[in-house]
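As provided, target17.txt (compact mmCIF, C-alpha atoms and all ligand atoms) reads as follows.
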# COMPACT_ATOMS: atom_id res chain seq x y z
CA MET G 79 3.91 0.51 10.92
CA GLY G 80 1.41 -2.09 12.03
CA PRO G 81 0.80 -5.60 13.30
CA GLU G 82 2.35 -8.38 11.23
CA ALA G 83 -0.91 -10.32 11.46
CA GLU G 84 -2.67 -7.63 9.43
CA MET G 85 -0.16 -7.99 6.61
CA PRO G 86 -0.47 -11.53 5.28
CA GLU G 87 1.62 -12.81 2.43
CA GLY G 88 1.01 -10.86 -0.76
CA HIS G 89 -0.32 -7.86 1.14
CA GLN G 90 0.69 -4.37 0.06
CA THR G 91 0.17 -1.10 1.85
CA ALA G 92 1.56 2.42 1.73
CA VAL G 93 2.68 4.40 4.77
CA GLU G 94 3.82 7.97 5.08
CA MET G 95 7.32 8.58 6.37
CA ASP G 96 8.82 12.06 6.63
CA GLY G 97 6.45 13.18 3.89
CA ILE G 98 7.39 10.27 1.63
CA SER G 99 4.97 7.56 0.63
CA VAL G 100 6.56 4.18 1.30
CA LEU G 101 5.25 0.94 -0.11
CA VAL G 102 5.44 -2.09 2.18
CA VAL G 103 5.04 -5.54 0.66
CA ASN G 104 4.90 -8.95 2.27
CA TYR G 105 6.43 -11.19 -0.36
CA GLU G 106 6.86 -14.83 0.58
CA GLY G 107 6.82 -13.95 4.26
CA VAL G 108 9.49 -11.23 4.04
CA PHE G 109 8.67 -7.55 4.35
CA TYR G 110 10.12 -5.14 1.81
CA ALA G 111 9.78 -1.37 1.80
CA LEU G 112 10.42 0.91 -1.15
CA ARG G 113 9.52 4.42 -2.06
CA ASN G 114 6.02 4.25 -3.48
CA ASN G 115 7.02 6.01 -6.63
CA CYS G 116 8.09 4.67 -10.00
CA THR G 117 11.32 6.32 -11.14
CA HIS G 118 10.06 6.48 -14.70
CA GLN G 119 7.22 8.97 -14.33
CA ASP G 120 6.24 9.46 -10.70
CA TYR G 121 3.52 6.85 -10.59
CA PRO G 122 2.66 4.96 -7.37
CA LEU G 123 3.89 1.37 -7.26
CA LEU G 124 1.18 0.34 -4.78
CA GLY G 125 -1.03 -2.36 -6.25
CA GLY G 126 1.46 -3.46 -8.88
CA GLU G 127 1.78 -7.15 -9.61
CA VAL G 128 4.56 -8.90 -7.72
CA GLN G 129 6.32 -11.82 -9.34
CA MET G 130 9.74 -13.37 -8.89
CA GLY G 131 10.64 -10.77 -6.29
CA ARG G 132 9.81 -7.87 -8.56
CA ILE G 133 6.99 -5.37 -8.56
CA THR G 134 5.59 -4.11 -11.83
CA CYS G 135 4.58 -0.48 -12.29
CA GLN G 136 1.03 -0.44 -13.58
CA LYS G 137 1.60 2.59 -15.76
CA HIS G 138 4.12 1.35 -18.35
CA GLY G 139 5.31 -1.97 -16.96
CA ALA G 140 8.73 -1.20 -15.47
CA LYS G 141 9.85 -3.81 -12.93
CA PHE G 142 11.74 -3.16 -9.70
CA GLU G 143 13.48 -5.71 -7.52
CA LEU G 144 11.98 -5.61 -4.03
CA ALA G 145 15.22 -6.54 -2.28
CA THR G 146 17.41 -3.91 -3.96
CA GLY G 147 15.07 -1.35 -5.53
CA LYS G 148 16.92 -1.80 -8.82
CA ALA G 149 15.09 -1.22 -12.08
CA LYS G 150 14.99 -4.57 -13.87
CA SER G 151 13.06 -3.66 -16.97
CA LEU G 152 12.45 -0.59 -19.10
CA PRO G 153 11.19 2.06 -19.29
CA ALA G 154 12.61 2.72 -15.80
CA VAL G 155 16.39 2.79 -15.42
CA LYS G 156 16.89 4.42 -12.02
CA PRO G 157 16.42 2.44 -8.79
CA VAL G 158 13.72 3.26 -6.26
CA ARG G 159 14.81 4.19 -2.76
CA LEU G 160 14.80 1.33 -0.27
CA PHE G 161 13.74 1.43 3.38
CA ARG G 162 14.56 -0.93 6.19
CA THR G 163 11.91 -3.25 7.59
CA GLU G 164 12.01 -5.02 10.92
CA VAL G 165 9.56 -7.25 12.71
CA GLU G 166 9.65 -7.12 16.48
CA ASP G 167 7.12 -8.78 18.75
CA GLY G 168 4.72 -9.20 15.84
CA VAL G 169 4.90 -5.56 14.77
CA VAL G 170 6.33 -4.40 11.45
CA TYR G 171 8.60 -1.36 11.56
CA VAL G 172 9.83 0.67 8.61
CA SER G 173 12.74 3.07 8.89
CA PRO G 174 15.13 4.92 6.56
CA LEU G 175 18.15 2.96 5.41
S1 LIG I 1 5.56 5.44 -14.66
FE1 LIG I 1 6.20 3.47 -14.05
S2 LIG I 1 6.83 2.56 -15.90
FE2 LIG I 1 6.23 4.55 -16.50
Conversion result in structure tokens:
Amino acid sequence: MGPEAEMPEGHQTAVEMDGISVLVVNYEGVFYALRNNCTHQDYPLLGGEVQMGRITCQKHGAKFELATGKAKSLPAVKPVRLFRTEVEDGVVYVSPL
């Protein structure tokens, strides 16, 4: 995906994987990867505010837990797909779970 050093805490980026846009977030030093797509109305999650381990969809305010992908506030009810992240030798890798 890219060097860890280019993804400081709070950083968000989107990468393409098998035709799917995947959001990668460094939250408190841990990398999380979720499908970059709100399950409410197909809106990208990239750039949403992250607080208490949850990212907020900018469209209507649904919140998703970074660690599980679960929808934690309406209007979304379905979880977003999670991806695996790994850091090896200073490089961040994202793969399907
Ligand atoms: S599209 Fe994300 S909350 Fe509606």
message = Please identify all protein, DNA and RNA residues within 8 Å of ligand LIG 1 (chain I), counting all atoms listed in the file, and report them as a ChimeraX atom specification.
response = /G:115-123,134-141,152-154
ask   = With only C-alpha atoms as the atoms that count, which of G:Ala149, G:Val128, G:Ala83, G:Leu112 lies nearest to G:Ser99?
value =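 Comparing G:Ala149, G:Val128, G:Ala83, G:Leu112 against G:Ser99, the winner is G:Leu112.
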Nearest-residue call for G:Arg159, choices G:Tyr171, G:Met95, G:Met130, G:Asn114, using all atoms listed in the file =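 Of G:Tyr171, G:Met95, G:Met130, G:Asn114, the one nearest G:Arg159, counting all atoms listed in the file, is G:Asn114.
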query = Can you tell me how far atom CA of G:Val100 sits from atom CA of G:Glu87, in Å to one decimal?
reply =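 Computing the Euclidean distance for atom CA of G:Val100 and atom CA of G:Glu87 yields 17.7 Å.
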Got a sec to check which residues sit within 9 Å of (13.3, -8.3, -3.1), counting only C-alpha atoms, and write them as a short mmCIF file (atom, residue, chain, number, x, y, z; two decimals) with C-alpha atoms, keeping the file's coordinate frame?
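After the write, part.cif holds the following:
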data_model
loop_
_atom_site.label_atom_id
_atom_site.label_comp_id
_atom_site.auth_asym_id
_atom_site.auth_seq_id
_atom_site.Cartn_x
_atom_site.Cartn_y
_atom_site.Cartn_z
CA TYR G 105 6.43 -11.19 -0.36
CA VAL G 108 9.49 -11.23 4.04
CA PHE G 109 8.67 -7.55 4.35
CA TYR G 110 10.12 -5.14 1.81
CA MET G 130 9.74 -13.37 -8.89
CA GLY G 131 10.64 -10.77 -6.29
CA ARG G 132 9.81 -7.87 -8.56
CA ILE G 133 6.99 -5.37 -8.56
CA PHE G 142 11.74 -3.16 -9.70
CA GLU G 143 13.48 -5.71 -7.52
CA LEU G 144 11.98 -5.61 -4.03
CA ALA G 145 15.22 -6.54 -2.28
CA THR G 146 17.41 -3.91 -3.96
CA GLY G 147 15.07 -1.35 -5.53
#
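Counting all atoms listed in the file, the residue from G:Ala111, G:Pro86, G:Gln129, G:Lys148 that sits nearest to G:Leu160 is G:Ala111.
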Step by step: locate stretch 111-140 of chain G in the block above, keep N, CA and C atoms, then write the file as a PDB file, in the first residue's frame.
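Now in selection_37.pdb:
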ATOM      1  N   ALA G 111      -8.593  -0.692   7.737  1.00  0.00           N
ATOM      2  CA  ALA G 111      -8.984  -0.622   6.329  1.00  0.00           C
ATOM      3  C   ALA G 111     -10.424  -1.099   6.190  1.00  0.00           C
ATOM      4  N   LEU G 112     -11.219  -0.273   5.543  1.00  0.00           N
ATOM      5  CA  LEU G 112     -12.630  -0.576   5.320  1.00  0.00           C
ATOM      6  C   LEU G 112     -12.993  -0.204   3.893  1.00  0.00           C
ATOM      7  N   ARG G 113     -14.027  -0.828   3.409  1.00  0.00           N
ATOM      8  CA  ARG G 113     -14.513  -0.432   2.097  1.00  0.00           C
ATOM      9  C   ARG G 113     -14.901   1.051   2.158  1.00  0.00           C
ATOM     10  N   ASN G 114     -14.432   1.775   1.142  1.00  0.00           N
ATOM     11  CA  ASN G 114     -14.629   3.226   1.138  1.00  0.00           C
ATOM     12  C   ASN G 114     -16.014   3.571   0.614  1.00  0.00           C
ATOM     13  N   ASN G 115     -17.012   3.074   1.313  1.00  0.00           N
ATOM     14  CA  ASN G 115     -18.354   3.201   0.783  1.00  0.00           C
ATOM     15  C   ASN G 115     -19.363   3.076   1.927  1.00  0.00           C
ATOM     16  N   CYS G 116     -20.077   4.143   2.180  1.00  0.00           N
ATOM     17  CA  CYS G 116     -21.099   4.099   3.232  1.00  0.00           C
ATOM     18  C   CYS G 116     -22.202   3.134   2.806  1.00  0.00           C
ATOM     19  N   THR G 117     -22.664   2.315   3.753  1.00  0.00           N
ATOM     20  CA  THR G 117     -23.697   1.335   3.409  1.00  0.00           C
ATOM     21  C   THR G 117     -25.089   1.966   3.383  1.00  0.00           C
ATOM     22  N   HIS G 118     -25.175   3.230   3.691  1.00  0.00           N
ATOM     23  CA  HIS G 118     -26.487   3.880   3.622  1.00  0.00           C
ATOM     24  C   HIS G 118     -26.825   4.235   2.180  1.00  0.00           C
ATOM     25  N   GLN G 119     -25.962   5.039   1.546  1.00  0.00           N
ATOM     26  CA  GLN G 119     -26.277   5.440   0.165  1.00  0.00           C
ATOM     27  C   GLN G 119     -25.048   5.556  -0.721  1.00  0.00           C
ATOM     28  N   ASP G 120     -24.154   4.587  -0.650  1.00  0.00           N
ATOM     29  CA  ASP G 120     -23.005   4.604  -1.560  1.00  0.00           C
ATOM     30  C   ASP G 120     -22.262   5.928  -1.594  1.00  0.00           C
ATOM     31  N   TYR G 121     -21.837   6.393  -0.472  1.00  0.00           N
ATOM     32  CA  TYR G 121     -21.079   7.638  -0.436  1.00  0.00           C
ATOM     33  C   TYR G 121     -19.699   7.314   0.122  1.00  0.00           C
ATOM     34  N   PRO G 122     -18.625   7.894  -0.438  1.00  0.00           N
ATOM     35  CA  PRO G 122     -17.288   7.561   0.070  1.00  0.00           C
ATOM     36  C   PRO G 122     -17.093   7.996   1.517  1.00  0.00           C
ATOM     37  N   LEU G 123     -16.427   7.154   2.295  1.00  0.00           N
ATOM     38  CA  LEU G 123     -16.172   7.491   3.702  1.00  0.00           C
ATOM     39  C   LEU G 123     -14.896   8.318   3.859  1.00  0.00           C
ATOM     40  N   LEU G 124     -14.066   8.326   2.812  1.00  0.00           N
ATOM     41  CA  LEU G 124     -12.793   9.059   2.868  1.00  0.00           C
ATOM     42  C   LEU G 124     -13.029  10.516   3.267  1.00  0.00           C
ATOM     43  N   GLY G 125     -12.259  10.968   4.247  1.00  0.00           N
ATOM     44  CA  GLY G 125     -12.366  12.362   4.670  1.00  0.00           C
ATOM     45  C   GLY G 125     -13.353  12.577   5.801  1.00  0.00           C
ATOM     46  N   GLY G 126     -14.039  11.519   6.200  1.00  0.00           N
ATOM     47  CA  GLY G 126     -14.978  11.656   7.315  1.00  0.00           C
ATOM     48  C   GLY G 126     -14.246  11.854   8.629  1.00  0.00           C
ATOM     49  N   GLU G 127     -14.894  12.516   9.552  1.00  0.00           N
ATOM     50  CA  GLU G 127     -14.279  12.762  10.858  1.00  0.00           C
ATOM     51  C   GLU G 127     -14.148  11.453  11.639  1.00  0.00           C
ATOM     52  N   VAL G 128     -12.999  11.278  12.287  1.00  0.00           N
ATOM     53  CA  VAL G 128     -12.792  10.073  13.090  1.00  0.00           C
ATOM     54  C   VAL G 128     -12.720  10.463  14.558  1.00  0.00           C
ATOM     55  N   GLN G 129     -13.568   9.835  15.344  1.00  0.00           N
ATOM     56  CA  GLN G 129     -13.600  10.101  16.773  1.00  0.00           C
ATOM     57  C   GLN G 129     -13.983   8.836  17.496  1.00  0.00           C
ATOM     58  N   MET G 130     -13.330   8.585  18.615  1.00  0.00           N
ATOM     59  CA  MET G 130     -13.643   7.417  19.438  1.00  0.00           C
ATOM     60  C   MET G 130     -13.677   6.129  18.624  1.00  0.00           C
ATOM     61  N   GLY G 131     -12.739   6.019  17.681  1.00  0.00           N
ATOM     62  CA  GLY G 131     -12.644   4.793  16.901  1.00  0.00           C
ATOM     63  C   GLY G 131     -13.721   4.635  15.845  1.00  0.00           C
ATOM     64  N   ARG G 132     -14.434   5.715  15.565  1.00  0.00           N
ATOM     65  CA  ARG G 132     -15.507   5.631  14.574  1.00  0.00           C
ATOM     66  C   ARG G 132     -15.342   6.705  13.520  1.00  0.00           C
ATOM     67  N   ILE G 133     -15.675   6.348  12.291  1.00  0.00           N
ATOM     68  CA  ILE G 133     -15.625   7.332  11.213  1.00  0.00           C
ATOM     69  C   ILE G 133     -17.050   7.734  10.852  1.00  0.00           C
ATOM     70  N   THR G 134     -17.211   9.021  10.627  1.00  0.00           N
ATOM     71  CA  THR G 134     -18.541   9.556  10.328  1.00  0.00           C
ATOM     72  C   THR G 134     -18.688   9.805   8.830  1.00  0.00           C
ATOM     73  N   CYS G 135     -19.748   9.294   8.253  1.00  0.00           N
ATOM     74  CA  CYS G 135     -20.042   9.570   6.848  1.00  0.00           C
ATOM     75  C   CYS G 135     -20.458  11.032   6.735  1.00  0.00           C
ATOM     76  N   GLN G 136     -19.860  11.722   5.762  1.00  0.00           N
ATOM     77  CA  GLN G 136     -20.116  13.157   5.646  1.00  0.00           C
ATOM     78  C   GLN G 136     -21.475  13.471   5.033  1.00  0.00           C
ATOM     79  N   LYS G 137     -22.090  12.457   4.455  1.00  0.00           N
ATOM     80  CA  LYS G 137     -23.358  12.713   3.762  1.00  0.00           C
ATOM     81  C   LYS G 137     -24.529  12.896   4.742  1.00  0.00           C
ATOM     82  N   HIS G 138     -24.763  11.893   5.582  1.00  0.00           N
ATOM     83  CA  HIS G 138     -25.889  12.013   6.538  1.00  0.00           C
ATOM     84  C   HIS G 138     -25.487  11.666   7.971  1.00  0.00           C
ATOM     85  N   GLY G 139     -24.193  11.493   8.205  1.00  0.00           N
ATOM     86  CA  GLY G 139     -23.750  11.358   9.597  1.00  0.00           C
ATOM     87  C   GLY G 139     -23.739   9.969  10.214  1.00  0.00           C
ATOM     88  N   ALA G 140     -23.888   8.918   9.409  1.00  0.00           N
ATOM     89  CA  ALA G 140     -23.778   7.568   9.980  1.00  0.00           C
ATOM     90  C   ALA G 140     -22.350   7.359  10.500  1.00  0.00           C
TER      91      ALA G 140
END
